[in-house]
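Visitor: Here it is, the structure in full.
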Amino acid sequence: MILNSDLIEHLTPERLDLLAELDGAGLFAESGETFEIYHERLKRIRDKFKAISDELETEAGFAPFDDLEFSKDDLISDEIMEEAAEITNSLYAFKIDWVPGFFLSTNLGMLWGGCAISVPEENFSLFLIRKSFRSVKKWFIYRRDELLAHELCHIARTPLHDYRFEEYFAYQTSFSRLRRYMGNCFIYRYDAIGFIMPVMLLLFVQIMITVEFVQIAIWPFWITAGLYPLWLFIRNQLARNIIHRARRKLAWICAAPSAVLFRCSASDITEFAAAPDDDATIKLWQDKAEHELRWKIIDYRFNY
């Protein structure tokens with residue numbers, strides 16, 4: 001495990017090979033982060049996960065929150081983690097082995113498959129999947145490897161603080177073409193509410209009309225129910241257009257445009273998408289690589 005090695009202690013700004021190794025482990029530098037700040041953050045992350053590992057060896061176990069407690073037996077095995085790592089590595093050139101994952105025995109409902117939890121202020125992340133996945137690779141609509149890969153994408157991109165394109169990248173791990181397309185529709189908490197509430201209102205009004213409690217036209221409610229879903233589809237397609245334009249611009253100057261985009265902030269992506277020509281794309285890349293640690297590492301790993 002990379003966080004247990006001496007690599008972090010011996011890290012220097014000149015050792016781009018070691019910085020690239022950390023990048024390949026999903027330990028990205030934040031936007032605008034200097035080497036000194038990044039190095040200190042790595043040390044805090046290392047120390048936190050060492051403390052978690054020590055707690056798991058005790059009888060009390062690891063309790064990240066008041067209502068959650070885990071023992072060493074709850075850990076997801078390395079073999080299962082490798083299933084997800086192969087997906088993230090093929091798509092985005094990173095494999096995370098330093099974030100603990102746990103099988104959750106608490107029942108959170110039949111539709112829940114798993115989730116990632118990141119607590120940046122305490123320098124740790126973890127992810128949870130339902131206990132059914134301990135013995136089966138598929139449950140209901142979920143595949144274990146797809147679900148874990150999705151959550152690992154969220155953990156890796158946490159330092160980028162990007163909500164606009166976050167779900168797009170995570171859902172590209174899906175084996176369903178529909179989920180890969182639709183994944184970025186719901187990016188804010190209020191999106192699900194905006195989607196379902198007009199539908200529920202439509203249903204309520206239709207019931208009231210059916211039982212002859214009211215006599216009003218139903219068509220305005222159908223329009224209302226369709227407006228927010230339509231906006232979600234439009235926003236999703238606009239985001240996809242931006243990403244695809246940026247990928248086309250990057251494709252001829254870097255070895256893995258999808259992996260580079262995965263490490264881009266929302267502003268990076270929109271800047272590359274808006275570059276007027278190839279010369280402007282190259283200059284934008286060079287300027288970023290000259291002034292920002294994250295881009296120095298990207299340039300080292302993926303530039304031709």
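Going through the structure tokens in order, the chains are called A, B, and so on, while each chain numbers its residues from 1 and the ligands are numbered from 1 in the order shown.
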With only C-alpha atoms as the counted atoms, please give the residues lying no more than 12 Å from Asp6 in chain A, apart from itself and same-chain residues fewer than 2 positions off, as a VMD selection string.
Guide: chain A and resid 1 to 4 8 to 11 18 42 to 43 46
Visitor: Using the selection just defined, write its residues with N, CA, C and O atoms as an mmCIF file, in the first residue's frame.
Guide:
```cif
data_model
loop_
_atom_site.group_PDB
_atom_site.id
_atom_site.type_symbol
_atom_site.label_atom_id
_atom_site.label_comp_id
_atom_site.auth_asym_id
_atom_site.auth_seq_id
_atom_site.Cartn_x
_atom_site.Cartn_y
_atom_site.Cartn_z
ATOM 1 N N MET A 1 0.851 -1.198 0.000
ATOM 2 C CA MET A 1 0.000 0.000 0.000
ATOM 3 C C MET A 1 0.884 1.245 0.000
ATOM 4 O O MET A 1 1.800 1.364 0.803
ATOM 5 N N ILE A 2 0.571 2.168 -0.897
ATOM 6 C CA ILE A 2 1.467 3.293 -1.126
ATOM 7 C C ILE A 2 1.591 4.196 0.104
ATOM 8 O O ILE A 2 2.649 4.780 0.347
ATOM 9 N N LEU A 3 0.552 4.294 0.912
ATOM 10 C CA LEU A 3 0.615 5.154 2.092
ATOM 11 C C LEU A 3 1.462 4.544 3.205
ATOM 12 O O LEU A 3 1.818 5.231 4.156
ATOM 13 N N ASN A 4 1.790 3.266 3.111
ATOM 14 C CA ASN A 4 2.631 2.641 4.118
ATOM 15 C C ASN A 4 4.101 2.632 3.731
ATOM 16 O O ASN A 4 4.942 2.138 4.466
ATOM 17 N N ILE A 8 6.468 8.841 0.697
ATOM 18 C CA ILE A 8 5.984 10.175 1.090
ATOM 19 C C ILE A 8 7.060 10.938 1.842
ATOM 20 O O ILE A 8 7.248 12.148 1.641
ATOM 21 N N GLU A 9 7.812 10.265 2.706
ATOM 22 C CA GLU A 9 8.861 10.936 3.482
ATOM 23 C C GLU A 9 9.964 11.474 2.581
ATOM 24 O O GLU A 9 10.553 12.520 2.869
ATOM 25 N N HIS A 10 10.262 10.781 1.515
ATOM 26 C CA HIS A 10 11.383 11.167 0.649
ATOM 27 C C HIS A 10 10.938 11.960 -0.580
ATOM 28 O O HIS A 10 11.720 12.185 -1.490
ATOM 29 N N LEU A 11 9.704 12.385 -0.578
ATOM 30 C CA LEU A 11 9.175 13.104 -1.722
ATOM 31 C C LEU A 11 9.780 14.501 -1.823
ATOM 32 O O LEU A 11 9.944 15.202 -0.820
ATOM 33 N N LEU A 18 8.052 9.917 -8.566
ATOM 34 C CA LEU A 18 7.328 9.539 -7.351
ATOM 35 C C LEU A 18 5.969 10.235 -7.285
ATOM 36 O O LEU A 18 4.974 9.645 -6.849
ATOM 37 N N LEU A 42 -0.578 14.847 2.296
ATOM 38 C CA LEU A 42 -0.281 13.419 2.172
ATOM 39 C C LEU A 42 0.121 12.812 3.520
ATOM 40 O O LEU A 42 -0.292 11.692 3.858
ATOM 41 N N LYS A 43 0.911 13.550 4.270
ATOM 42 C CA LYS A 43 1.338 13.044 5.576
ATOM 43 C C LYS A 43 0.147 12.888 6.520
ATOM 44 O O LYS A 43 0.057 11.907 7.268
ATOM 45 N N ARG A 46 -1.770 9.845 5.395
ATOM 46 C CA ARG A 46 -1.041 8.640 5.818
ATOM 47 C C ARG A 46 -1.245 8.364 7.302
ATOM 48 O O ARG A 46 -1.559 7.233 7.699
#
```
Visitor: Per residue of range 87-106 of chain A within 9 Å of range 149-156 of chain A, what are the shortest atom pair and its distance in Å to one decimal, counting only C-alpha atoms, with rows by chain and residue number, as a Markdown table?
Guide:
```
| residue | atom | partner | partner_atom | distance |
| --- | --- | --- | --- | --- |
| A:Ile87 | CA | A:Ala149 | CA | 6.4 |
| A:Thr88 | CA | A:Ala149 | CA | 6.0 |
| A:Tyr92 | CA | A:Cys153 | CA | 8.9 |
| A:Phe94 | CA | A:Ala156 | CA | 8.5 |
| A:Lys95 | CA | A:Leu152 | CA | 8.6 |
| A:Ile96 | CA | A:Leu152 | CA | 7.1 |
| A:Val99 | CA | A:Ile155 | CA | 8.6 |
```
Visitor: As a PyMOL selection string, please: the residues near Ile223 in chain A (cut-off 12 Å, only C-alpha atoms, same-chain neighbours under 6 positions excluded).
Guide: chain A and resi 198-199+201-202+217+229-230
Visitor: Closest to Ser125 in chain A among A:Ser267, A:Thr34, A:Thr158, A:Asn241, using only C-alpha atoms?
Guide: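 That would be A:Thr158, the residue with the smallest distance to Ser125 in chain A.
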Visitor: Would you mind reading off the distance between CA of Arg263 in chain A and CA of Arg164 in chain A, one decimal, in Å?
Guide: 13.6 Å
Visitor: Take CA of Ser135 in chain A and CA of Pro100 in chain A and report the distance between them in Å, one decimal.
Guide: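 Atom-to-atom, CA of Ser135 in chain A to CA of Pro100 in chain A, that is 18.3 Å.
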Visitor: I need the residues in range 40-276 of chain A that are strand (DSSP E) according to DSSP; give them as a PyMOL selection string.
Guide: chain A and resi 62-65+68-70+101-104+114-119+124-130+138-139+142-143
Visitor: At a cut-off of 9 Å, using only C-alpha atoms, what residues contact Asp74 in chain A? Leave out same-chain residues fewer than 6 positions from it and give the result as a PyMOL selection string.
Guide: chain A and resi 101-105+131
Visitor: Compare A:Thr12, A:Asp66, A:His39, A:Asn184 by their minimum atom-to-atom distance to Ile234 in chain A, counting only C-alpha atoms, and give me the closest one.
Guide: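 Looking at the shortest contact to Ile234 in chain A, the residue is A:Asn184.
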Visitor: Neighbours of Phe169 in chain A within 9 Å (only C-alpha atoms; same-chain residues fewer than 2 positions away dropped), as a list of chain:residue names?
Guide: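 Result of the neighbour search: A:His150, A:Cys153, A:His154, A:Phe165, A:Glu166, A:Glu167, A:Tyr171, A:Gln172, A:Thr173, A:Arg180, A:Gly183, A:Asn184, A:Leu261, A:Phe262.
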Visitor: Write a file of the selected residues as a PDB file, in the first residue's frame, keeping N, CA and C atoms.
Guide:
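The new file out.pdb reads:
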```pdb
ATOM      1  N   HIS A 150     -17.178   3.035  -9.392  1.00  0.00           N
ATOM      2  CA  HIS A 150     -17.890   4.316  -9.359  1.00  0.00           C
ATOM      3  C   HIS A 150     -17.497   5.118  -8.123  1.00  0.00           C
ATOM      4  N   CYS A 153     -13.935   6.474  -8.111  1.00  0.00           N
ATOM      5  CA  CYS A 153     -13.801   7.690  -8.927  1.00  0.00           C
ATOM      6  C   CYS A 153     -14.156   8.925  -8.099  1.00  0.00           C
ATOM      7  N   HIS A 154     -15.209   8.825  -7.303  1.00  0.00           N
ATOM      8  CA  HIS A 154     -15.586   9.955  -6.454  1.00  0.00           C
ATOM      9  C   HIS A 154     -14.476  10.280  -5.450  1.00  0.00           C
ATOM     10  N   PHE A 165     -19.100  18.033 -13.474  1.00  0.00           N
ATOM     11  CA  PHE A 165     -18.805  16.874 -14.310  1.00  0.00           C
ATOM     12  C   PHE A 165     -18.528  15.603 -13.502  1.00  0.00           C
ATOM     13  N   GLU A 166     -18.649  15.687 -12.206  1.00  0.00           N
ATOM     14  CA  GLU A 166     -18.274  14.575 -11.326  1.00  0.00           C
ATOM     15  C   GLU A 166     -18.997  13.276 -11.680  1.00  0.00           C
ATOM     16  N   GLU A 167     -20.307  13.343 -11.805  1.00  0.00           N
ATOM     17  CA  GLU A 167     -21.070  12.122 -12.055  1.00  0.00           C
ATOM     18  C   GLU A 167     -20.825  11.581 -13.460  1.00  0.00           C
ATOM     19  N   TYR A 171     -19.883   7.651 -13.750  1.00  0.00           N
ATOM     20  CA  TYR A 171     -20.796   6.748 -14.444  1.00  0.00           C
ATOM     21  C   TYR A 171     -20.202   6.132 -15.700  1.00  0.00           C
ATOM     22  N   GLN A 172     -19.057   6.588 -16.145  1.00  0.00           N
ATOM     23  CA  GLN A 172     -18.405   5.929 -17.275  1.00  0.00           C
ATOM     24  C   GLN A 172     -17.868   4.552 -16.894  1.00  0.00           C
ATOM     25  N   THR A 173     -17.866   4.233 -15.606  1.00  0.00           N
ATOM     26  CA  THR A 173     -17.466   2.892 -15.164  1.00  0.00           C
ATOM     27  C   THR A 173     -18.599   1.891 -15.363  1.00  0.00           C
ATOM     28  N   ARG A 180     -24.340   5.213 -18.506  1.00  0.00           N
ATOM     29  CA  ARG A 180     -23.197   6.055 -18.890  1.00  0.00           C
ATOM     30  C   ARG A 180     -23.676   7.380 -19.465  1.00  0.00           C
ATOM     31  N   GLY A 183     -25.973   9.379 -16.409  1.00  0.00           N
ATOM     32  CA  GLY A 183     -25.421   9.521 -15.073  1.00  0.00           C
ATOM     33  C   GLY A 183     -25.263  10.950 -14.588  1.00  0.00           C
ATOM     34  N   ASN A 184     -24.922  11.859 -15.485  1.00  0.00           N
ATOM     35  CA  ASN A 184     -24.643  13.227 -15.061  1.00  0.00           C
ATOM     36  C   ASN A 184     -25.898  14.104 -15.002  1.00  0.00           C
ATOM     37  N   LEU A 261      -8.609  14.374 -18.589  1.00  0.00           N
ATOM     38  CA  LEU A 261      -9.856  15.059 -18.247  1.00  0.00           C
ATOM     39  C   LEU A 261     -10.331  14.674 -16.849  1.00  0.00           C
ATOM     40  N   PHE A 262     -10.123  13.418 -16.470  1.00  0.00           N
ATOM     41  CA  PHE A 262     -10.516  12.954 -15.141  1.00  0.00           C
ATOM     42  C   PHE A 262      -9.799  13.752 -14.059  1.00  0.00           C
TER      43      PHE A 262
END
```
Visitor: Mind giving me the straight-line distance from CA of Arg301 in chain A to CA of Glu122 in chain A in Å, one decimal?
Guide: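 Separation between CA of Arg301 in chain A and CA of Glu122 in chain A: 29.2 Å.
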Visitor: Run DSSP on the backbone and grab whatever in range 53-301 of chain A lands in helix (DSSP H, G or I); send it over as a PyMOL selection string.
Guide: chain A and resi 53-56+72-74+78-92+120-122+131-134+144-160+166-171+177-185+189-210+219-251+257-262+266-274+278-291+293-301
Visitor: Go through A:Leu16, A:Ala29, A:Ile269, A:Cys115 and flag the residue nearest Glu292 in chain A, using only C-alpha atoms for the distances.
Guide: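 With only C-alpha atoms as the atom set, the closest residue is A:Ala29.
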Visitor: Kindly indicate which residue among A:Ile37, A:Ile129, A:Ile45, A:Ala93 lies nearest to Val260 in chain A, using only C-alpha atoms for the distances.
Guide: A:Ala93
Visitor: Counting only C-alpha atoms, which residue out of A:Ile242, A:Leu148, A:Ile76, A:Ile282 sits closest to Cys254 in chain A?
Guide: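 Smallest separation from Cys254 in chain A among the options: A:Ile282.
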Visitor: Using only C-alpha atoms, can you tell me which of A:Leu227, A:Ala63, A:Met208, A:Leu160 comes closest to Phe195 in chain A?
Guide: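 That would be A:Leu227, the residue with the smallest distance to Phe195 in chain A.
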Visitor: Taking 5 positions as the minimum chain separation for residues in the same chain, which residues sit within 10 Å of Lys296 in chain A when counting only C-alpha atoms? Answer as number ranges by chain.
Guide: A: 13, 16, 19-20, 285-291, 301
Visitor: Would you kindly return, as a PyMOL selection string, each protein, DNA or RNA residue with an atom no farther than 10 Å from any atom of range 270-274 of chain A, considering only C-alpha atoms and excluding same-chain residues fewer than 3 positions away?
Guide: chain A and resi 239+241-250+261+264-267+277+280-282+284-285
